[in-house]
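Undergrad: This is the structure I have questions about; it appears just below.
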Amino acid sequence: MADQIHLVSFLIHSPINHTIGTWADPGDNRLQAMADVRLWQDLARTLERGKFDGVFFADTPGVFDRYRDRVDEAVRYGVCWPTHDPVVLLSALAAATEHLGLAATISTGANHPYSVVRTLGSLDALSGGRAGWNIVTGHLRGEHRAYGLPELPHDQRYDRADEYMELCYALWSSVGEGAILADKATRQFADPDKVARVRHAGEYFNCETVGPVWPSPQGRPVLFQAGSSGRGQQFAIRHADVVFAVQPNLPGMKKFMDDFRATAAAQGAREPKVSFGVQPILGGTEAEAKAHLKALEERIPIEAALTRISGTLGVDFSAYELDRPLQEIQTQASQGLMKAMASGFGDRPFTLREAAIRYGLAIGIPQIVGTPEQVADQLEQIWRETGCHAFNVTPTVMASSVAAFVDEVVPILQKRGIYRTEYEGRTFRENLHL
Ligand SMILES: Cc1cc2nc3c(=O)[nH]c(=O)nc-3n(C[C@H](O)[C@H](O)[C@H](O)COP(=O)(O)O)c2cc1C
């Protein structure tokens, strides 16, 4: 277990974060923010005031087109559409902050390794070592269709991603220690003997070059990974600094940690660091918080929720009955999320309606509901009982729910001595205690 809780803000550069319909809330500022980077910069400063380790942008560069095999509902309800580029936004957030880590999801499906190393390396250099990358393999059919790429089967996507990472490591280590001389007297910029040629000819990628970027103050960007199928866990153990996981409740989180620890130990790997997704729903009283959650649920059109769950789980749920219990279904999309969803309430499975609403609220991330004290209690309990490293905290209404968490919950965690009052390090990696 980490010596303190780490917090990462889990966002999307689109009209909503994960909670469908919040863009239409009278108090929500996301629509303005989509066209005004200063509002995002305010948000980043609020998170830095709350000593968050970083921001972490989900990204699905494609449209949710699985439900009814069309895009109409995704477009009608703005279900993570439009989908703006998170890295462009992160460079503006770097300028507004000093400590906040800056992580983006970038799919290995739609981007060449060289581009990812170059783009994130540029962000890492400009921000003084604060870049992070959530490595995903592209579970969304709409992404493959948008880029005109073949949809590879689930495990093959991970095989391809392993090769992808091999090439990234070669590019990251190409510019060796002491390579940059920047000697103004001799006018020699760098020592070519310390810049290794990369010659990669693999099954999926070819690349012949040298590392494209200035060496990072944190070695390389912090690597996150969010796949949690068996093959996904193998990939995570090999590559990830922090694994982002979604489980619907505390027993599910504990089981996930036990299984994942055992898998890592069996492979002789170090103890994995896990960040669980949580969605705080705050109120002045418990009843007020519960009423707030109910109102959020009621504002989610069921068709929009079905669009989200169909896209992520890779199953067109339009042919399923809403009030029948859901079983695990074979999928080539997110097997980890399918498994988490199929575990239901523990004693009984979710019905499709219940699962869809959970997806509409926050892709199955559990809501932590109550007064600030109760929310702090629940976070502390999850942290102590699972030994997780961090939480990916996803907001609801923007930006007020972020400010409420920072102003009302963070001071309680700080008073309990389980959350920082000052940043310890300079880089994202240092602050995450990796
Ligand atoms: C919490 C969580 C967040 C994810 N975020 C994204 C995302 O932003 N973009 C994306 O393309 N895939 C995302 N995924 C999908 C996974 O990275 C992965 O590609 C997918 O779950 C398939 O892997 P699995 O079967 O091993 O779980 C996410 C998955 C999880 C569990």
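In the structure tokens, the first chain shown is A, the next is B, and so on; residue numbers restart at 1 for each chain, and ligands run from 1 in the order shown.
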Can you list, as number ranges by chain, all residues belonging to segment 274-357 of chain A that DSSP tags as helix (DSSP H, G or I)?

TA: A: 286-298, 302-313, 317-319, 335-342, 352-357

Undergrad: Go ahead and save the residues from that selection, with C-alpha atoms, as a JSON list (two decimals), in the first residue's frame.

TA:
```json
[["chain", "number", "residue", "atom", "x", "y", "z"],
["A", 286, "GLU", "CA", -26.52, 11.94, 2.98],
["A", 287, "ALA", "CA", -30.10, 12.40, 1.77],
["A", 288, "GLU", "CA", -29.07, 15.39, -0.33],
["A", 289, "ALA", "CA", -26.23, 13.43, -1.93],
["A", 290, "LYS", "CA", -28.56, 10.52, -2.72],
["A", 291, "ALA", "CA", -31.08, 12.90, -4.26],
["A", 292, "HIS", "CA", -28.32, 14.40, -6.39],
["A", 293, "LEU", "CA", -27.36, 10.93, -7.67],
["A", 294, "LYS", "CA", -30.99, 10.13, -8.43],
["A", 295, "ALA", "CA", -31.36, 13.34, -10.41],
["A", 296, "LEU", "CA", -28.23, 12.55, -12.44],
["A", 297, "GLU", "CA", -29.56, 9.05, -13.20],
["A", 298, "GLU", "CA", -32.97, 10.31, -14.21],
["A", 302, "ILE", "CA", -31.77, 5.10, -21.71],
["A", 303, "GLU", "CA", -30.88, 5.09, -25.40],
["A", 304, "ALA", "CA", -27.83, 7.23, -24.69],
["A", 305, "ALA", "CA", -26.77, 4.85, -21.90],
["A", 306, "LEU", "CA", -27.25, 1.87, -24.22],
["A", 307, "THR", "CA", -25.12, 3.62, -26.83],
["A", 308, "ARG", "CA", -22.29, 3.95, -24.33],
["A", 309, "ILE", "CA", -22.44, 0.41, -22.98],
["A", 310, "SER", "CA", -22.85, -1.11, -26.46],
["A", 311, "GLY", "CA", -19.82, 0.76, -27.78],
["A", 312, "THR", "CA", -17.52, -0.03, -24.88],
["A", 313, "LEU", "CA", -18.53, -3.66, -24.48],
["A", 317, "PHE", "CA", -27.71, -4.25, -26.83],
["A", 318, "SER", "CA", -30.71, -3.03, -28.85],
["A", 319, "ALA", "CA", -31.94, -6.63, -29.18],
["A", 335, "GLN", "CA", -13.17, -8.00, -21.86],
["A", 336, "GLY", "CA", -12.02, -6.52, -18.55],
["A", 337, "LEU", "CA", -14.98, -4.12, -18.40],
["A", 338, "MET", "CA", -17.35, -6.91, -19.49],
["A", 339, "LYS", "CA", -16.17, -9.08, -16.62],
["A", 340, "ALA", "CA", -16.50, -6.25, -14.10],
["A", 341, "MET", "CA", -20.03, -5.51, -15.33],
["A", 342, "ALA", "CA", -21.01, -9.21, -15.18],
["A", 352, "LEU", "CA", -29.29, -4.46, -18.67],
["A", 353, "ARG", "CA", -31.08, -1.30, -17.48],
["A", 354, "GLU", "CA", -29.01, -1.15, -14.26],
["A", 355, "ALA", "CA", -25.74, -1.81, -16.11],
["A", 356, "ALA", "CA", -26.56, 0.76, -18.81],
["A", 357, "ILE", "CA", -27.32, 3.47, -16.25]]
```

Undergrad: Select from segment 75-153 of chain A everything DSSP, run on the backbone, classes as strand (DSSP E or B), then give the selection as a list of chain:residue names.

TA: A:Gly101, A:Leu102, A:Ala103, A:Ala104, A:Thr105, A:Ile106, A:Ser107, A:Ala131, A:Gly132, A:Trp133, A:Asn134, A:Ile135, A:Val136

Undergrad: Go ahead and save the picked residues with N, CA and C atoms, as a PDB file, in the first residue's frame.

TA:
```pdb
ATOM      1  N   GLY A 101       0.454  16.463 -12.984  1.00  0.00           N
ATOM      2  CA  GLY A 101       0.786  15.517 -14.042  1.00  0.00           C
ATOM      3  C   GLY A 101      -0.225  15.627 -15.171  1.00  0.00           C
ATOM      4  N   LEU A 102       0.216  15.292 -16.386  1.00  0.00           N
ATOM      5  CA  LEU A 102      -0.608  15.552 -17.580  1.00  0.00           C
ATOM      6  C   LEU A 102      -0.651  14.285 -18.428  1.00  0.00           C
ATOM      7  N   ALA A 103      -1.694  13.469 -18.209  1.00  0.00           N
ATOM      8  CA  ALA A 103      -1.736  12.175 -18.893  1.00  0.00           C
ATOM      9  C   ALA A 103      -2.861  12.126 -19.910  1.00  0.00           C
ATOM     10  N   ALA A 104      -2.555  11.547 -21.055  1.00  0.00           N
ATOM     11  CA  ALA A 104      -3.575  11.361 -22.096  1.00  0.00           C
ATOM     12  C   ALA A 104      -3.623   9.908 -22.515  1.00  0.00           C
ATOM     13  N   THR A 105      -4.840   9.478 -22.827  1.00  0.00           N
ATOM     14  CA  THR A 105      -5.011   8.175 -23.457  1.00  0.00           C
ATOM     15  C   THR A 105      -4.660   8.329 -24.930  1.00  0.00           C
ATOM     16  N   ILE A 106      -3.766   7.483 -25.395  1.00  0.00           N
ATOM     17  CA  ILE A 106      -3.473   7.466 -26.832  1.00  0.00           C
ATOM     18  C   ILE A 106      -3.509   6.003 -27.272  1.00  0.00           C
ATOM     19  N   SER A 107      -4.316   5.756 -28.266  1.00  0.00           N
ATOM     20  CA  SER A 107      -4.522   4.381 -28.706  1.00  0.00           C
ATOM     21  C   SER A 107      -3.375   3.911 -29.587  1.00  0.00           C
ATOM     22  N   ALA A 131       4.530  14.496 -18.218  1.00  0.00           N
ATOM     23  CA  ALA A 131       3.632  13.804 -19.156  1.00  0.00           C
ATOM     24  C   ALA A 131       3.351  12.372 -18.719  1.00  0.00           C
ATOM     25  N   GLY A 132       2.165  11.905 -19.083  1.00  0.00           N
ATOM     26  CA  GLY A 132       1.789  10.507 -18.838  1.00  0.00           C
ATOM     27  C   GLY A 132       1.014   9.988 -20.032  1.00  0.00           C
ATOM     28  N   TRP A 133       1.042   8.675 -20.192  1.00  0.00           N
ATOM     29  CA  TRP A 133       0.355   8.046 -21.334  1.00  0.00           C
ATOM     30  C   TRP A 133      -0.467   6.866 -20.843  1.00  0.00           C
ATOM     31  N   ASN A 134      -1.753   6.907 -21.101  1.00  0.00           N
ATOM     32  CA  ASN A 134      -2.600   5.738 -20.864  1.00  0.00           C
ATOM     33  C   ASN A 134      -2.626   4.923 -22.157  1.00  0.00           C
ATOM     34  N   ILE A 135      -1.967   3.779 -22.119  1.00  0.00           N
ATOM     35  CA  ILE A 135      -1.819   2.957 -23.332  1.00  0.00           C
ATOM     36  C   ILE A 135      -3.083   2.113 -23.509  1.00  0.00           C
ATOM     37  N   VAL A 136      -3.809   2.358 -24.568  1.00  0.00           N
ATOM     38  CA  VAL A 136      -4.970   1.496 -24.876  1.00  0.00           C
ATOM     39  C   VAL A 136      -4.794   0.940 -26.286  1.00  0.00           C
TER      40      VAL A 136
END
```

Undergrad: Within 7 Å of ligand 1, which residues show up when you count only C-alpha atoms and all ligand atoms? List them as a VMD selection string, please.

TA: chain A and resid 57 to 60 105 107 135 to 140 154 225 to 233 244 to 246 277 333 to 337

Undergrad: Excluding Asp347 of chain A and any residue of its chain fewer than 4 positions from it, enumerate the residues within 12 Å of it, using only C-alpha atoms, and give them as a PyMOL selection string.

TA: chain A and resi 249+251-252+342-343

Undergrad: Quick one: of A:Leu282, A:Ala35, A:Leu120, A:Val369, who's nearest to Val397 of chain A, counting only C-alpha atoms?

TA: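 For Val397 of chain A, the nearest of the candidates is A:Leu282.
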
Undergrad: Which residues are near Pro221 of chain A? Cut-off 12 Å, only C-alpha atoms, ignore same chain within fewer than 2 positions. Put them as an MDAnalysis selection string.

TA: chainID A and resid 101:104 116:125 127:135 168:169 172 215:219 223:224 239:242 427:430 434

Undergrad: Figure out the distance between atom CA of Arg68 of chain A and atom CA of Glu143 of chain A, please, to one decimal in Å.

TA: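 It comes out at 17.0 Å.
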
Undergrad: Would you please work out which residue, of A:Phe52, A:Gln330, A:Asp407, A:Ala96, is nearest to Ile5 of chain A when using only C-alpha atoms?

TA: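 So, comparing all the options, the nearest one is A:Phe52.
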
Undergrad: Rounded to one decimal place, report the atom CA of Arg426 of chain A-atom CA of Pro411 of chain A distance in Å.

TA: 22.4 Å

Undergrad: Pick the closest to Pro372 of chain A from A:Val409, A:Ala404, A:Leu31, A:Leu11: which is it, counting only C-alpha atoms?

TA: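 Ranking A:Val409, A:Ala404, A:Leu31, A:Leu11 by distance to Pro372 of chain A, first place goes to A:Val409.
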
Undergrad: Atom CA of Val75 of chain A to atom CA of Pro26 of chain A: how many Å, to one decimal?

TA: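 Going from atom CA of Val75 of chain A over to atom CA of Pro26 of chain A covers 20.5 Å.
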
Undergrad: Find the spatial neighbours of Arg420 of chain A, counting only C-alpha atoms, within a cut-off of 9 Å - ignore same-chain residues fewer than 4 positions away - and output them as a PyMOL selection string.

TA: chain A and resi 4-6+51-52+413-414+424

Undergrad: For His99 of chain A, which of A:Arg45, A:Leu149, A:Phe256, A:Ser9 is the closest residue, counting only C-alpha atoms?

TA: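 Of the candidates, the smallest distance to His99 of chain A is held by A:Arg45.
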
Undergrad: Residues near Ile368 of chain A, anyone? I mean within 7 Å using only C-alpha atoms, not counting same-chain ones fewer than 2 positions away, as number ranges by chain.

TA: A: 278-281, 366, 370, 375
